[in-house]
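> Have a look at the structure that comes next, please.
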Amino acid sequence: MAVRRTRAWVAGAVAALVLAGAGAGAAYGVQAADHARARSACESAIADARRAQDSLDEAGASLAAAAASLAAAVDAAAALGAKTGDPVPAAAAADLAAAGEEARDAAAPSADVPPASLPDDLGGATTAALDDCAASVPGETARLTEAAEARAEDLEELQARADRLGAAFDAYEDAVQARGAALLAQRQDASVDAIAAFQAALDALDGAEPAGLPALVDAAVASAGALVATSDAARIVSGGSCWGDADDIGVLVDKHHPLCPRDYAPDLVPVASTGGMLRPEAAAAMDALAAALGVETGLSLSAASTYRSYDEQDALYAAYVAGYGQAEADTFSAHAGYSEHQTGLAIDVAAGSCGCTDVPFGDTPEAQWLAENAWRFGFIVRYPDGYEGITGYMWEPWHLRYVGVAIATAMHDGGIATLEEYYGAEAAPDYY
Ligand SMILES: [Zn+2]
């Protein structure tokens with residue numbers, strides 16, 4: 001019995017083996033189709049996950065942009081407040097700052113969602129691994145989509161909040177400007193009173209007895225301080241005010257003191273010695289300077305730039321801003337209406353020995369001679385080395401400004417480097 005049973009089992013096993021051998025080709029075909037299906041499902045799941053990741057990243061970028069806009073709005077409002085002395089409404093500023101903080105946090109990749117973990121290369125993946133991918137990646141997609149939706153909601157909330165605050169800030173800005181205009185009118189009246197008070201104090205000093213002098217000096221100083229305070233306030237709300245008559249050869253023109261009117265245009269004559277056009281007083285002085293330079297040293301100068309009109313300055317400045325950006329352009333080029341070249345009293349000279357302007361000019365014997373002698377002819381090197389914080393401009397050894405012999409001599413003899421210091425005007429490193 002045992003033997004027969006064994007034989008029957010063996011026969012059965014052999015039959016099974018034969019059957020299995022015959023079916024092997026068909027089974028392989030089934031497996032390949034399964035593998036292709038699994039691969040396609042995995043690829044499609046990965047594509048979904050990548051789209052979800054992109055949406056999440058886009059929502060993050062929008063939030064980051066919103067955070068930056070909100071921060072810029074806070075800064076702009078603070079700058080306006082600082083300029084006008086009208087503080088930004090504290091509650092609005094705090095709310096805006098908090099909204100910006102929230103936007104930044106929500107946009108930060110580390111804040112919530114680690115990126116999807118997706119297989120890179122499906123080439124060698126088994127069917128089981130592909131099935132695993134198709135089963136697990138949709139979970140990643142759901143997680144990323146949910147996070148992207150949450151970010152989109154955050155963005156909508158922020159947008160609504162920023163809109164409300166934007167309207168509040170617009171109203172604030174309008175109010176500040178209206179107040180500024182009123183303040184300007186009021187301060188101009190106050191300036192007139194302050195000038196009268198200062199003049200009266202000076203008159204009182206004139207015929208004072210020695211014993212009464214200290215009190216009168218104190219009064220004069222106090223009224224001078226009041227005068228400065230009122231005129232500074234007026235300058236701040238008006239974007240700077242002119243120093244005085246634009247036709248005055250001593251006129252101070254810098255980043256706090258534009259020309260009045262802004263499109264002022266002087267009478268000009270050609271400069272025989274160097275070329276270019278200047279006001280007659282400045283042209284005659286330049287000819288005298290050039291003649292003395294020739295006699296004393298054998299050197300010569302030519303004009304690289306003299307008078308520039310408001311429109312020419314406007315175009316030049318715009319070109320510099322396009323090339324260098326505003327911050328850098330502001331260190332060497334003036335806004336239209338704020339340039340000494342528009343006075344007809346300024347000349348940029350090039351050295352005959354090298355034909356150069358610009359930085360190498362500072363190393364030439366011509367520049368050396370000008371630094372020591374220009375004052376004799378009523379010129380100053382207007383933007384000396386190391387005074388950028390006062391004049392608002394980098395060292396320009398080639399930029400000469402005619403101020404007349406009296407002022408130039410007083411500055412030379414007094415060791416006064418800048419026109420701002422000569423007049424006791426505030427430093428003008430930047431525009432209001
Ligand atoms: Zn110049």
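Ligands are numbered from 1 in the order shown, residues from 1 within each chain, and chains are lettered A, B, ... in the order they appear in the structure tokens.
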Go through the chains and note each residue within 9 Å of ligand 1, using only C-alpha atoms and all ligand atoms, then give the set as JSON, numbers by chain.

{"A": [304, 305, 306, 332, 333, 339, 340, 341, 346, 347, 348, 349, 382, 396, 398, 399, 400, 401]}

> Keeping only C-alpha atoms, take the residues you just selected and write them out as a short mmCIF file (atom, residue, chain, number, x, y, z; two decimals), in the first residue's frame.


```
data_model
loop_
_atom_site.label_atom_id
_atom_site.label_comp_id
_atom_site.auth_asym_id
_atom_site.auth_seq_id
_atom_site.Cartn_x
_atom_site.Cartn_y
_atom_site.Cartn_z
CA ALA A 304 34.27 118.06 -18.68
CA SER A 305 30.90 119.47 -17.61
CA THR A 306 29.67 122.95 -16.73
CA PHE A 332 27.53 111.13 -7.06
CA SER A 333 24.57 112.56 -8.98
CA SER A 339 22.41 120.15 -8.63
CA GLU A 340 25.12 122.79 -8.34
CA HIS A 341 25.64 122.44 -12.08
CA ALA A 346 29.98 124.70 -10.98
CA ILE A 347 32.47 123.11 -13.35
CA ASP A 348 33.89 119.59 -13.54
CA VAL A 349 37.42 119.96 -14.86
CA ARG A 382 32.98 121.51 -3.21
CA GLU A 396 35.00 114.88 -6.31
CA TRP A 398 37.31 117.80 -10.15
CA HIS A 399 34.06 119.55 -9.12
CA LEU A 400 34.79 123.24 -8.53
CA ARG A 401 32.15 125.63 -7.32
#
```

> Residues at most 12 Å from Ala36 of chain A, counting only C-alpha atoms, excluding those fewer than 2 positions away in the same chain, as a PyMOL selection string?

chain A and resi 29-34+38-43+122-123+125-128+130-131

> Report as a count of residues only all protein, DNA and RNA residues lying within 9 Å of Ala71 of chain A, evaluated on only C-alpha atoms, omitting residues in the same chain fewer than 6 positions from it.

4

> Please identify which residues in segment 184-415 of chain A DSSP calls strand (DSSP E) from the backbone, and express them as JSON, numbers by chain.

{"A": [269, 270, 277, 278, 301, 302, 303, 304, 305, 346, 347, 348, 349, 350, 351, 379, 380, 381, 382, 383, 396, 397, 398, 399, 400, 401, 402]}

> Convert the current residue selection to file output with C-alpha atoms, as a short mmCIF file (atom, residue, chain, number, x, y, z; two decimals), in the first residue's frame.


```cif
data_model
loop_
_atom_site.label_atom_id
_atom_site.label_comp_id
_atom_site.auth_asym_id
_atom_site.auth_seq_id
_atom_site.Cartn_x
_atom_site.Cartn_y
_atom_site.Cartn_z
CA VAL A 269 28.52 132.95 -21.18
CA PRO A 270 31.11 130.70 -22.82
CA MET A 277 29.10 127.68 -20.23
CA LEU A 278 29.04 129.39 -16.84
CA LEU A 301 42.50 122.30 -17.58
CA SER A 302 39.50 121.67 -19.78
CA ALA A 303 35.82 121.54 -18.93
CA ALA A 304 34.27 118.06 -18.68
CA SER A 305 30.90 119.47 -17.61
CA ALA A 346 29.98 124.70 -10.98
CA ILE A 347 32.47 123.11 -13.35
CA ASP A 348 33.89 119.59 -13.54
CA VAL A 349 37.42 119.96 -14.86
CA ALA A 350 39.63 117.48 -16.66
CA ALA A 351 43.40 117.66 -16.21
CA PHE A 379 36.45 128.56 -6.25
CA ILE A 380 36.17 125.74 -3.73
CA VAL A 381 36.60 121.99 -4.19
CA ARG A 382 32.98 121.51 -3.21
CA TYR A 383 33.03 117.79 -2.29
CA GLU A 396 35.00 114.88 -6.31
CA PRO A 397 38.36 116.65 -6.67
CA TRP A 398 37.31 117.80 -10.15
CA HIS A 399 34.06 119.55 -9.12
CA LEU A 400 34.79 123.24 -8.53
CA ARG A 401 32.15 125.63 -7.32
CA TYR A 402 32.45 129.37 -7.67
#
```

> What's the 12 Å shell around Ala147 of chain A, counting only C-alpha atoms, without same-chain residues fewer than 2 positions away, as a ChimeraX atom specification?

/A:52-60,106-107,109,111-116,140-145,149-154

> Tell me which of A:Gln368, A:Ala93, A:Ala410, A:Gly323 sits closest to Tyr172 of chain A, counting only C-alpha atoms.

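Of A:Gln368, A:Ala93, A:Ala410, A:Gly323, the one nearest Tyr172 of chain A is A:Ala93, counting only C-alpha atoms.
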
> Set the distance at 12 Å and use only C-alpha atoms: which residues neighbour Gly386 of chain A once local chain neighbours fewer than 2 positions away are removed? I'd like the list as a ChimeraX atom specification.

/A:382-384,388-397,417-418

> With C-alpha atoms retained, could you export that selection as a PDB file, in the first residue's frame?


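Output (result.pdb):
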```pdb
ATOM      1  CA  ARG A 382      32.981 121.505  -3.215  1.00  0.00           C
ATOM      2  CA  TYR A 383      33.033 117.789  -2.288  1.00  0.00           C
ATOM      3  CA  PRO A 384      36.263 117.170  -0.387  1.00  0.00           C
ATOM      4  CA  GLU A 388      30.405 112.714   2.383  1.00  0.00           C
ATOM      5  CA  GLY A 389      28.378 112.723   5.624  1.00  0.00           C
ATOM      6  CA  ILE A 390      28.052 116.518   5.356  1.00  0.00           C
ATOM      7  CA  THR A 391      27.910 117.235   1.617  1.00  0.00           C
ATOM      8  CA  GLY A 392      26.073 114.048   0.633  1.00  0.00           C
ATOM      9  CA  TYR A 393      28.587 113.364  -2.142  1.00  0.00           C
ATOM     10  CA  MET A 394      31.737 111.317  -2.472  1.00  0.00           C
ATOM     11  CA  TRP A 395      35.092 112.981  -3.004  1.00  0.00           C
ATOM     12  CA  GLU A 396      34.995 114.878  -6.314  1.00  0.00           C
ATOM     13  CA  PRO A 397      38.356 116.646  -6.672  1.00  0.00           C
ATOM     14  CA  ALA A 417      36.088 122.329   4.283  1.00  0.00           C
ATOM     15  CA  THR A 418      32.444 122.529   3.249  1.00  0.00           C
TER      16      THR A 418
END
```

> List the spatial neighbours of segment 291-299 of chain A as a ChimeraX atom specification - criterion: any atom at most 7 Å away, only C-alpha atoms, same-chain residues fewer than 2 positions off excluded.

/A:287-289,352-353,366

> Would you save the residues from that selection as a tab-separated table (two decimals), in the first residue's frame, using N, CA and C atoms?


```
chain	number	residue	atom	x	y	z
A	287	ASP	N	38.70	131.74	-16.10
A	287	ASP	CA	39.76	132.16	-17.03
A	287	ASP	C	40.99	132.64	-16.26
A	288	ALA	N	40.76	133.38	-15.18
A	288	ALA	CA	41.89	133.87	-14.37
A	288	ALA	C	42.62	132.70	-13.72
A	289	LEU	N	41.83	131.74	-13.22
A	289	LEU	CA	42.43	130.55	-12.59
A	289	LEU	C	43.27	129.78	-13.60
A	352	GLY	N	44.75	118.65	-17.99
A	352	GLY	CA	45.43	118.63	-19.28
A	352	GLY	C	46.49	117.55	-19.34
A	353	SER	N	47.10	117.23	-18.20
A	353	SER	CA	48.22	116.28	-18.21
A	353	SER	C	47.78	114.86	-18.53
A	366	GLU	N	47.45	118.84	-11.35
A	366	GLU	CA	46.39	119.85	-11.49
A	366	GLU	C	45.48	119.82	-10.25
```

> Taking the chain letters and numbering used in this document, name the residues of segment 195-391 of chain A that DSSP puts in alpha helix (DSSP H), as JSON, numbers by chain.

{"A": [195, 196, 197, 198, 199, 200, 201, 202, 203, 204, 205, 206, 213, 214, 215, 216, 217, 218, 219, 220, 221, 222, 223, 224, 225, 226, 227, 228, 229, 230, 231, 232, 233, 234, 235, 236, 237, 238, 280, 281, 282, 283, 284, 285, 286, 287, 288, 289, 290, 291, 292, 293, 294, 295, 296, 297, 310, 311, 312, 313, 314, 315, 316, 317, 318, 319, 320, 321, 322, 323, 324, 326, 327, 328, 329, 365, 366, 367, 368, 369, 370, 371, 372, 373, 388, 389, 390, 391]}

> Counting only C-alpha atoms, which residue out of A:Ala197, A:Ala246, A:Leu63, A:Ala265 sits closest to Ala222 of chain A?

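Closest to Ala222 of chain A, using only C-alpha atoms: A:Ala197.
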
> Counting only C-alpha atoms, what is within 8 Å of Ala162 of chain A, bar same-chain residues fewer than 2 positions away, as a list of chain:residue names?

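So the residues in contact are A:Leu70, A:Leu96, A:Ala99, A:Leu158, A:Gln159, A:Ala160, A:Arg164, A:Leu165, A:Gly166.
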
> Save the residues we just selected, C-alpha atoms, as a CSV table (one decimal), in the first residue's frame?


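Contents of selection26.csv, as written:
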```
chain,number,residue,atom,x,y,z
A,70,LEU,CA,3.4,93.9,4.9
A,96,LEU,CA,0.4,95.0,10.4
A,99,ALA,CA,0.3,89.9,10.2
A,158,LEU,CA,-3.9,87.9,5.4
A,159,GLN,CA,-5.1,89.5,2.2
A,160,ALA,CA,-8.4,90.6,3.8
A,164,ARG,CA,-8.4,96.6,5.8
A,165,LEU,CA,-5.0,97.9,7.1
A,166,GLY,CA,-4.1,99.3,3.7
```

> May I ask which of the residues A:Gln199, A:Thr331, A:Gln342, A:Thr409 is the closest one to Pro266 of chain A, counting only C-alpha atoms?

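Closest candidate: A:Gln342.
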
> What gap, in Å, lies between atom CA of Asp430 of chain A and atom CA of Leu370 of chain A?

27.1 Å

> Using only C-alpha atoms for the distances, tell me which of A:Ala64, A:Ala168, A:Ala148, A:Ile249 is nearest to Asp95 of chain A.

A:Ala168
